[in-house]
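A short write-up of the structure that comes next.
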Amino acid sequence: MTLDRADRAISMLPAHLEASSRQGIAKVIHRTLALATYPARIIANNPLPRGWIPKADDNKAKGSLYPDEDRHLMAAVDVPLSYRIYYGFLIREGMRADEAGRLEPSDLELERGAVVLDENKTDDPRAWALSPDVVRALRAYFAMCPPKERVFMGPSGPLPGRNGAQNFRNHLRRAGIRRPELFETTDSRLNIRLHDTRATFITIKLANGRTETWISDRTGHKSSRQIHHYKRAARKVAELGLGDFAPLDEAIPELRGAGGSVGGTPLLAGPDAGAASEGSSFGAPSSSQAPTPTDDAAVSSTAADAAAEGGPLGPRWATSEPPSAATRPEAHGIVKLSGDRSSPTGNSWRDF
């Protein structure tokens, strides 16, 4: 293998291939020769010099779904349920498609609502708390379709990781999603791919105030620069007021009301569930903890009634009624002590 032969191999690639595809093929050739050098020791040196791999411009616009389009996809009963739960998981958790395709039931802790990802692309084990609505959806789905060797299984085996783009686009069309930019490839844009569920997750979560750290815990991104790329699209979503994803167990009709609770604590259902799961990560008080004017008024009224009956005052902001004349304590006089320290000759104390 020589440099000239490697150059010839690259020149014979089909002209319609994207620059990123050509770069990927060049990386495979370079890596193969590097392994042949060490540890295989088949050749003495790698004939390909540094800088031989062509650079690929990554400036093309990429597609991502809006929350209302996600709702249409999740509600499309014409799309197999196994695919919808898979897409919904990717969109709400930000995991790579191939990572989700390799998930085993032992990687999920649905009792506590967590996922543990030890083996992944970057060899950097990570774990995080799943959104409560995702936990409920998975519980309900597993009750209907018990998991086998993989978490996400289709009719013919594990669902595809990297090779599911065409199915994904077909399912979007079947769900009635027709936004042209999702399905066109031009000199400046790529049509939507299954991998773009990560772009959807990052864009919508940034638009709804999530931090880069929170996002990278789930996506595995190593640098802020990788996430910064999505901020412009996130600002657009925020300005349009498009909101967040619907709770997964509510968005998929077959799973509504069947997910139970996480960690022994009942979870909210309906439109407020997503907001509760978002706030829980930051310790935001639930509706039962946050005082409201109605709650305060009820407490104050109860405290006043207790005070009138001689009971405890209750909360410190409660005030009791002024005591009546019958219960008012008797006023006492003030003792005036003499400056003479000699023994008194009489009763020097004033009566009180």
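Chain identifiers are assigned as A, B, and so on, following the order in which chains appear in the structure tokens; residues are numbered from 1 within each chain, and ligands are numbered from 1 in order of appearance.
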Could you list, as a VMD selection string, every residue within 6 Å of region 155-166 of chain A, counting only C-alpha atoms and ignoring same-chain residues fewer than 4 positions away? chain A and resid 97 to 98 101 193 to 194
Any chance you can output those residues with N, CA, C and O atoms as an mmCIF file, in the first residue's frame?
data_model
loop_
_atom_site.group_PDB
_atom_site.id
_atom_site.type_symbol
_atom_site.label_atom_id
_atom_site.label_comp_id
_atom_site.auth_asym_id
_atom_site.auth_seq_id
_atom_site.Cartn_x
_atom_site.Cartn_y
_atom_site.Cartn_z
ATOM 1 N N ALA A 97 -28.485 7.506 18.457
ATOM 2 C CA ALA A 97 -29.382 6.457 17.982
ATOM 3 C C ALA A 97 -28.754 5.079 18.108
ATOM 4 O O ALA A 97 -29.425 4.112 18.486
ATOM 5 N N ASP A 98 -27.460 4.972 17.797
ATOM 6 C CA ASP A 98 -26.825 3.657 17.895
ATOM 7 C C ASP A 98 -26.669 3.231 19.354
ATOM 8 O O ASP A 98 -26.718 2.031 19.669
ATOM 9 N N GLY A 101 -30.014 1.963 20.335
ATOM 10 C CA GLY A 101 -30.257 0.676 19.692
ATOM 11 C C GLY A 101 -29.571 -0.478 20.397
ATOM 12 O O GLY A 101 -30.028 -1.629 20.295
ATOM 13 N N ARG A 193 -32.197 13.415 9.417
ATOM 14 C CA ARG A 193 -31.718 12.053 9.632
ATOM 15 C C ARG A 193 -32.110 11.609 11.029
ATOM 16 O O ARG A 193 -32.479 12.424 11.874
ATOM 17 N N LEU A 194 -31.991 10.311 11.277
ATOM 18 C CA LEU A 194 -32.297 9.816 12.616
ATOM 19 C C LEU A 194 -31.362 10.439 13.642
ATOM 20 O O LEU A 194 -31.761 10.709 14.781
#
The residue from A:Pro146, A:Pro54, A:Gly63, A:Pro49 with the smallest atom-to-atom distance to His195 (chain A), counting only C-alpha atoms, is A:Gly63
Residues of region 105-136 of chain A in alpha helix (DSSP H), written as a ChimeraX atom specification: /A:132-136
Could you take the residues named above and write them with N, CA and C atoms, as an mmCIF file, in the first residue's frame?
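Generated file (result_22.cif):
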data_model
loop_
_atom_site.group_PDB
_atom_site.id
_atom_site.type_symbol
_atom_site.label_atom_id
_atom_site.label_comp_id
_atom_site.auth_asym_id
_atom_site.auth_seq_id
_atom_site.Cartn_x
_atom_site.Cartn_y
_atom_site.Cartn_z
ATOM 1 N N PRO A 132 -39.347 11.774 34.106
ATOM 2 C CA PRO A 132 -40.394 10.911 34.658
ATOM 3 C C PRO A 132 -41.411 10.432 33.636
ATOM 4 N N ASP A 133 -41.752 11.276 32.656
ATOM 5 C CA ASP A 133 -42.723 10.843 31.652
ATOM 6 C C ASP A 133 -42.151 9.738 30.773
ATOM 7 N N VAL A 134 -40.832 9.757 30.545
ATOM 8 C CA VAL A 134 -40.191 8.686 29.779
ATOM 9 C C VAL A 134 -40.212 7.386 30.569
ATOM 10 N N VAL A 135 -39.979 7.477 31.884
ATOM 11 C CA VAL A 135 -40.029 6.286 32.736
ATOM 12 C C VAL A 135 -41.427 5.678 32.706
ATOM 13 N N ARG A 136 -42.437 6.518 32.839
ATOM 14 C CA ARG A 136 -43.807 6.011 32.808
ATOM 15 C C ARG A 136 -44.111 5.348 31.475
#
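Each of A:Leu190, A:Ser82, A:Ala246, A:His228 was checked against Pro147 (chain A) using only C-alpha atoms; the smallest atom-to-atom distance is that of A:Ser82.
A straight line drawn from CA of Gly243 (chain A) to CA of Ala76 (chain A) is 20.4 Å long.
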Could you tell me which of A:Leu182, A:Tyr141, A:His171, A:Met12 comes closest to Met74 (chain A) if we count only C-alpha atoms? A:His171
From the options A:Leu130, A:Val116, A:Ile29, A:Leu81, which residue's atoms come nearest to Phe142 (chain A), counting only C-alpha atoms? A:Leu81
Please provide the set of residues having any atom within 9 Å of region 201-208 of chain A, restricted to only C-alpha atoms, with same-chain residues fewer than 4 positions apart removed, written as a PyMOL selection string. chain A and resi 64-67+90-94+196-197+212+215+219+227+230-239+241-245
Please provide the set of residues having any atom within 7 Å of Ile177 (chain A), restricted to only C-alpha atoms, with same-chain residues fewer than 3 positions apart removed, written as a count of residues only. 3
What is the distance between CA of Asn59 (chain A) and CA of Thr185 (chain A), in Å to one decimal? 13.2 Å
For Leu13 (chain A), list every protein, DNA or RNA residue within 12 Å, evaluated using only C-alpha atoms, and leave out those in the same chain fewer than 3 positions away; present the list as a list in words.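 Final neighbour list, sorted by chain and number: Ala6, Asp7, Arg8, Ala9, Ile10, His16, Leu17, Glu18, Ala19, Ser21, Arg22, Gln23, Gly24, Ile25 and Ala26 of chain A.
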Using N, CA and C atoms, can you export the residues from the last selection as a PDB file, in the first residue's frame?
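So the final result, stored in again-v5.pdb, reads:
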ATOM      1  N   ALA A   6      -3.489   5.035  -2.342  1.00  0.00           N
ATOM      2  CA  ALA A   6      -4.529   5.599  -1.476  1.00  0.00           C
ATOM      3  C   ALA A   6      -5.193   6.797  -2.161  1.00  0.00           C
ATOM      4  N   ASP A   7      -4.377   7.652  -2.811  1.00  0.00           N
ATOM      5  CA  ASP A   7      -4.949   8.789  -3.541  1.00  0.00           C
ATOM      6  C   ASP A   7      -5.863   8.316  -4.666  1.00  0.00           C
ATOM      7  N   ARG A   8      -5.454   7.235  -5.350  1.00  0.00           N
ATOM      8  CA  ARG A   8      -6.266   6.714  -6.458  1.00  0.00           C
ATOM      9  C   ARG A   8      -7.607   6.175  -5.927  1.00  0.00           C
ATOM     10  N   ALA A   9      -7.556   5.511  -4.784  1.00  0.00           N
ATOM     11  CA  ALA A   9      -8.795   4.976  -4.207  1.00  0.00           C
ATOM     12  C   ALA A   9      -9.780   6.097  -3.897  1.00  0.00           C
ATOM     13  N   ILE A  10      -9.295   7.193  -3.361  1.00  0.00           N
ATOM     14  CA  ILE A  10     -10.175   8.321  -3.052  1.00  0.00           C
ATOM     15  C   ILE A  10     -10.713   8.958  -4.330  1.00  0.00           C
ATOM     16  N   HIS A  16     -21.156  11.839  -6.445  1.00  0.00           N
ATOM     17  CA  HIS A  16     -22.315  12.359  -5.720  1.00  0.00           C
ATOM     18  C   HIS A  16     -22.144  12.299  -4.200  1.00  0.00           C
ATOM     19  N   LEU A  17     -21.081  11.644  -3.722  1.00  0.00           N
ATOM     20  CA  LEU A  17     -20.886  11.515  -2.283  1.00  0.00           C
ATOM     21  C   LEU A  17     -20.628  12.878  -1.648  1.00  0.00           C
ATOM     22  N   GLU A  18     -21.205  13.073  -0.478  1.00  0.00           N
ATOM     23  CA  GLU A  18     -20.955  14.294   0.273  1.00  0.00           C
ATOM     24  C   GLU A  18     -19.511  14.312   0.770  1.00  0.00           C
ATOM     25  N   ALA A  19     -19.016  15.521   1.064  1.00  0.00           N
ATOM     26  CA  ALA A  19     -17.644  15.660   1.561  1.00  0.00           C
ATOM     27  C   ALA A  19     -17.449  14.890   2.869  1.00  0.00           C
ATOM     28  N   SER A  21     -18.902  12.104   3.697  1.00  0.00           N
ATOM     29  CA  SER A  21     -18.777  10.678   3.373  1.00  0.00           C
ATOM     30  C   SER A  21     -17.386  10.356   2.844  1.00  0.00           C
ATOM     31  N   ARG A  22     -16.848  11.231   2.011  1.00  0.00           N
ATOM     32  CA  ARG A  22     -15.504  11.027   1.486  1.00  0.00           C
ATOM     33  C   ARG A  22     -14.481  11.070   2.627  1.00  0.00           C
ATOM     34  N   GLN A  23     -14.697  11.995   3.556  1.00  0.00           N
ATOM     35  CA  GLN A  23     -13.808  12.069   4.701  1.00  0.00           C
ATOM     36  C   GLN A  23     -13.893  10.796   5.545  1.00  0.00           C
ATOM     37  N   GLY A  24     -15.089  10.244   5.728  1.00  0.00           N
ATOM     38  CA  GLY A  24     -15.249   9.027   6.511  1.00  0.00           C
ATOM     39  C   GLY A  24     -14.522   7.849   5.899  1.00  0.00           C
ATOM     40  N   ILE A  25     -14.573   7.726   4.570  1.00  0.00           N
ATOM     41  CA  ILE A  25     -13.861   6.638   3.893  1.00  0.00           C
ATOM     42  C   ILE A  25     -12.355   6.806   4.054  1.00  0.00           C
ATOM     43  N   ALA A  26     -11.879   8.041   3.923  1.00  0.00           N
ATOM     44  CA  ALA A  26     -10.444   8.303   4.093  1.00  0.00           C
ATOM     45  C   ALA A  26     -10.001   7.955   5.516  1.00  0.00           C
TER      46      ALA A  26
END
Best match for closeness to Arg139 (chain A) among A:Leu35, A:Ala56, A:Leu248, A:Leu48, counting only C-alpha atoms: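 Once distances to Arg139 (chain A) are computed over only C-alpha atoms, the minimum belongs to A:Leu248.
Selecting strand (DSSP E or B) from the backbone DSSP output for region 4-224 of chain A yields Ala61, Leu108, Glu109, Ala114, Val115, Val116, Leu117, Arg126, Ala127, Trp128, Ala129, Met153, Gly154, Gly157, Pro158 and Arg189 of chain A.
The closest residue to Arg178 (chain A), picked from A:Leu103, A:Val151, A:Leu73, A:Ile85 and counting only C-alpha atoms, is A:Leu73.
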At a cut-off of 8 Å, using only C-alpha atoms, what residues contact Glu104 (chain A)? Leave out same-chain residues fewer than 3 positions from it and give the result as a ChimeraX atom specification. /A:107-108,149-151
Selection file, N, CA, C and O atoms, as a short mmCIF file (atom, residue, chain, number, x, y, z; two decimals), in the first residue's frame:
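That gives us result_16.cif:
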data_model
loop_
_atom_site.label_atom_id
_atom_site.label_comp_id
_atom_site.auth_asym_id
_atom_site.auth_seq_id
_atom_site.Cartn_x
_atom_site.Cartn_y
_atom_site.Cartn_z
N ASP A 107 -29.56 -1.95 31.49
CA ASP A 107 -29.04 -0.58 31.50
C ASP A 107 -30.03 0.41 32.09
O ASP A 107 -29.67 1.56 32.36
N LEU A 108 -31.28 -0.02 32.27
CA LEU A 108 -32.32 0.86 32.79
C LEU A 108 -32.64 0.50 34.24
O LEU A 108 -32.71 -0.68 34.58
N GLU A 149 -33.60 -9.12 24.39
CA GLU A 149 -32.17 -8.84 24.54
C GLU A 149 -31.84 -7.36 24.39
O GLU A 149 -30.79 -6.89 24.82
N ARG A 150 -32.76 -6.60 23.75
CA ARG A 150 -32.58 -5.16 23.61
C ARG A 150 -33.84 -4.45 24.10
O ARG A 150 -34.93 -5.01 24.09
N VAL A 151 -33.66 -3.18 24.49
CA VAL A 151 -34.80 -2.40 24.96
C VAL A 151 -35.75 -2.07 23.82
O VAL A 151 -36.97 -2.21 23.94
#
